[in-house]
Structure formats: structure tokens, C-alpha cells
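Here the structure is laid out as C-alpha cells; the discussion comes afterwards.
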Amino acid sequence: MDDFDNFPLSFVVLLGLGQSVERREKGDIDSSIPQDHSVVCLYEVDRNDNEENDNEKMFGMAEVSLQPADPARTSPPVVLPTNVKNALCSFRLWPTPTPYISNVLVTNEYRGKGYSKVLMTCCECLAKSWGLDQVYLHVDADSRSGAPAQGLYRSLGYMPVIDNKYNHNFAWMGMDMVNRGLYIVDGIALLILKKVLT
């Protein structure tokens with residue numbers, strides 16, 4: 001039953017990644033299609049002099065996309081076309097899209113070597129190339145499981161986003177939690193952080 005339960009999620013994620021690749025390829029051909037979603041990947045390549053093919057191993061990735069700056073939601077699993085995002089904004093159904101970094105991942109054996117900072121720098125540079133000057137992200141709010149990522153983002157200059165209207169619902173947890181940028185998104189405690197790019 002677990003495989004059956006995981007199928008819809010796997011399908012949606014695969015569909016979203018497929019859309020990202022397809023839009024990237026079309027954008028490379030047709031400059032009128034704005035790039036508002038990019039996946040950055042880090043690979044290790046072993047050059048084989050005796051073999052025809054080199055061995056490649058992906059060990060890190062991150063995504064940056066234009067998403068509404070809404071602390072109460074993360075990016076959707078399926079990539080929405082830019083014109084759909086703009087239409088939702090024009091009808092005031094969404095806030096103005098802003099660069100949003102997600103899925104910053106590095107495999108275990110490559111952690112602690114600075115690759116997460118490389119991924120973050122690439123995502124921030126892409127956001128700047130879009131002519132925008134700030135980026136957002138969500139991070140696990142747990143003080144144990146989220147501590148490494150929280151430390152990384154804070155070391156890079158990310159600060160909590162505090163929405164007093166939203167966060168007053170969590171005042172019972174203490175002002176320290178509210179001031180950290182705590183939000184509950186789909187039942188999960190997350191912090192939302194932002195950075196002004198210089």
C-alpha cells in the first residue's frame with residue numbers, strides 16, 4: 001500500500017521536473033519565454049582516459065523559481081507557466097512573484113565541504129539576473145533537524161520574515177518563536193527567511 005500511496009507524489013514531482021526541463025529547453029531556443037524556474041545541479045566527473053564515457057555523479061541540487069511571497073505556502077510541485085502566475089497576481093489572488101529557493105540538497109558524503117554555499121550563491125545570482133533584489137526560502141523550524149540548514153542560511157545573511165497578522169496565532173508559543181518567522185505550512189512548522197541581494 002505504501003508504494004501505491006507514494007505513486008501520486010512521485011508522479012507530481014516527476015511531472016514538475018519534466019516541465020522545468022522542457023521550459024528550460026524552450027527558453028534556450030525562444031528568448032521570448034522568460035526563465036522563472038531553474039534547477040542548479042552539482043556533479044562530480046571522473047575522467048576516464050581508457051573509456052569512451054566519463055562517470056558522472058550528481059551530489060547536490062537546488063531550485064530557484066518565481067513564487068508568491070506567501071509565508072503560509074511553499075512552491076507548488078508542478079511548475080506554473082509565467083503567464084498563469086502573472087494572471088493570478090493581476091487578479092490579486094497571489095502576491096507579486098519573488099525569487100524563492102527550495103530543495104537545497106547535498107548528499108551525505110559531500111556535506112560540510114561548502115557545496116551548499118555554492119548552490120545558494122548560484123540561486124542568488126540567477127535571482128539577480130532576473131532583475132530582482134531579494135529571495136525567500138522556507139526552512140525546517142525544528143531546533144535539532146533544522147539546525148544545520150538554519151545555520152547555513154543565517155550565515156549567508158537570511159533574516160526571518162515576520163507577519164504580525166499571521167504570527168499572532170502562534171503567540172502562545174512565545175515571542176521568541178514568533179520573532180524567528182515561524183509559520184505552519186501544510187501542518188509542518190517552518191521558518192520563512194529572506195535576504196536582500198546586493
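Convention: chains lettered A, B, ... in C-alpha cells order; per-chain residue numbering from 1; ligands numbered from 1 as shown.
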
| request: For Cys123 in chain A, work out the shell of residues within 8 Å, counting only C-alpha atoms and skipping chain neighbours fewer than 4 positions away, then give it as a PyMOL selection string. | output: chain A and resi 40+62-64+101+119+127

| request: For Cys41 in chain A, list every protein, DNA or RNA residue within 10 Å, evaluated using only C-alpha atoms, and leave out those in the same chain fewer than 2 positions away; present the list as a list in words. | output: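 So, after excluding close chain neighbours, the residues are Ser38, Val39, Tyr43, Met58, Phe59, Gly60, Met61, Ala62, Glu63, Val104, Leu105, Val106, Leu119 and Cys122 of chain A.
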
| message | Which residues are close to Val135 in chain A, i.e. within 8 Å by only C-alpha atoms, leaving aside same-chain residues fewer than 6 positions away? Reply as a PyMOL selection string. | response | chain A and resi 98-101+124+127+194-197

Nearby residues (only C-alpha atoms) at most 12 Å from Leu152 in chain A, same-chain spacing under 3 positions excluded, as an mmCIF file with N, CA, C and O atoms, in the first residue's frame:
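Here's the written file out.cif:
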```cif
data_model
loop_
_atom_site.group_PDB
_atom_site.id
_atom_site.type_symbol
_atom_site.label_atom_id
_atom_site.label_comp_id
_atom_site.auth_asym_id
_atom_site.auth_seq_id
_atom_site.Cartn_x
_atom_site.Cartn_y
_atom_site.Cartn_z
ATOM 1 N N VAL A 104 17.227 22.591 -1.483
ATOM 2 C CA VAL A 104 18.688 22.656 -1.421
ATOM 3 C C VAL A 104 19.153 21.347 -0.783
ATOM 4 O O VAL A 104 18.922 21.105 0.396
ATOM 5 N N ARG A 111 28.609 16.636 2.400
ATOM 6 C CA ARG A 111 28.207 17.707 3.325
ATOM 7 C C ARG A 111 29.401 18.220 4.108
ATOM 8 O O ARG A 111 30.378 17.516 4.327
ATOM 9 N N GLY A 112 29.304 19.476 4.526
ATOM 10 C CA GLY A 112 30.367 20.087 5.322
ATOM 11 C C GLY A 112 31.556 20.544 4.507
ATOM 12 O O GLY A 112 32.600 20.874 5.065
ATOM 13 N N GLY A 114 31.171 22.980 1.946
ATOM 14 C CA GLY A 114 30.877 24.275 1.345
ATOM 15 C C GLY A 114 30.025 24.226 0.090
ATOM 16 O O GLY A 114 29.762 25.268 -0.523
ATOM 17 N N TYR A 115 29.557 23.048 -0.315
ATOM 18 C CA TYR A 115 28.777 22.951 -1.550
ATOM 19 C C TYR A 115 27.401 23.600 -1.422
ATOM 20 O O TYR A 115 26.864 24.106 -2.403
ATOM 21 N N SER A 116 26.831 23.592 -0.222
ATOM 22 C CA SER A 116 25.537 24.262 -0.037
ATOM 23 C C SER A 116 25.673 25.761 -0.297
ATOM 24 O O SER A 116 24.775 26.375 -0.878
ATOM 25 N N LYS A 117 26.798 26.332 0.104
ATOM 26 C CA LYS A 117 27.024 27.763 -0.163
ATOM 27 C C LYS A 117 27.165 28.015 -1.664
ATOM 28 O O LYS A 117 26.703 29.037 -2.162
ATOM 29 N N VAL A 118 27.782 27.091 -2.371
ATOM 30 C CA VAL A 118 27.909 27.220 -3.828
ATOM 31 C C VAL A 118 26.517 27.209 -4.466
ATOM 32 O O VAL A 118 26.204 28.048 -5.319
ATOM 33 N N LEU A 119 25.674 26.267 -4.045
ATOM 34 C CA LEU A 119 24.312 26.187 -4.575
ATOM 35 C C LEU A 119 23.534 27.461 -4.289
ATOM 36 O O LEU A 119 22.838 27.994 -5.154
ATOM 37 N N MET A 120 23.645 27.955 -3.053
ATOM 38 C CA MET A 120 22.923 29.172 -2.675
ATOM 39 C C MET A 120 23.404 30.372 -3.490
ATOM 40 O O MET A 120 22.600 31.184 -3.943
ATOM 41 N N THR A 121 24.711 30.470 -3.692
ATOM 42 C CA THR A 121 25.260 31.578 -4.485
ATOM 43 C C THR A 121 24.739 31.524 -5.919
ATOM 44 O O THR A 121 24.368 32.549 -6.492
ATOM 45 N N VAL A 139 12.509 26.955 5.798
ATOM 46 C CA VAL A 139 13.443 26.004 6.387
ATOM 47 C C VAL A 139 12.757 25.338 7.575
ATOM 48 O O VAL A 139 11.900 25.939 8.230
ATOM 49 N N GLY A 146 16.446 20.955 11.905
ATOM 50 C CA GLY A 146 16.614 22.115 11.038
ATOM 51 C C GLY A 146 17.832 22.960 11.343
ATOM 52 O O GLY A 146 18.127 23.911 10.615
ATOM 53 N N ALA A 147 18.561 22.632 12.419
ATOM 54 C CA ALA A 147 19.678 23.485 12.850
ATOM 55 C C ALA A 147 20.760 23.677 11.787
ATOM 56 O O ALA A 147 21.202 24.816 11.574
ATOM 57 N N PRO A 148 21.226 22.623 11.100
ATOM 58 C CA PRO A 148 22.281 22.857 10.091
ATOM 59 C C PRO A 148 21.838 23.821 8.986
ATOM 60 O O PRO A 148 22.580 24.742 8.626
ATOM 61 N N ALA A 149 20.639 23.620 8.450
ATOM 62 C CA ALA A 149 20.163 24.496 7.375
ATOM 63 C C ALA A 149 19.916 25.905 7.891
ATOM 64 O O ALA A 149 20.271 26.889 7.233
ATOM 65 N N SER A 155 24.056 32.345 8.242
ATOM 66 C CA SER A 155 25.444 32.744 7.946
ATOM 67 C C SER A 155 25.546 33.462 6.607
ATOM 68 O O SER A 155 26.481 34.228 6.374
ATOM 69 N N LEU A 156 24.565 33.218 5.727
ATOM 70 C CA LEU A 156 24.557 33.864 4.414
ATOM 71 C C LEU A 156 23.754 35.163 4.402
ATOM 72 O O LEU A 156 23.586 35.777 3.360
ATOM 73 N N GLY A 157 23.242 35.562 5.570
ATOM 74 C CA GLY A 157 22.544 36.842 5.668
ATOM 75 C C GLY A 157 21.030 36.769 5.578
ATOM 76 O O GLY A 157 20.382 37.799 5.409
ATOM 77 N N TYR A 158 20.455 35.592 5.680
ATOM 78 C CA TYR A 158 18.992 35.466 5.641
ATOM 79 C C TYR A 158 18.409 35.828 7.000
ATOM 80 O O TYR A 158 18.941 35.446 8.038
ATOM 81 N N MET A 159 17.311 36.574 6.958
ATOM 82 C CA MET A 159 16.648 37.060 8.178
ATOM 83 C C MET A 159 15.195 36.579 8.184
ATOM 84 O O MET A 159 14.590 36.386 7.125
ATOM 85 N N LEU A 193 12.523 32.798 5.682
ATOM 86 C CA LEU A 193 13.647 33.724 5.757
ATOM 87 C C LEU A 193 13.761 34.448 4.423
ATOM 88 O O LEU A 193 13.361 33.923 3.379
#
```

| query | For Asp142 in chain A, which residue among A:Ile184, A:Val79, A:Leu93, A:Leu66 is the nearest when counting only C-alpha atoms? | reply |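 Of A:Ile184, A:Val79, A:Leu93, A:Leu66, the one nearest Asp142 in chain A is A:Ile184, counting only C-alpha atoms.
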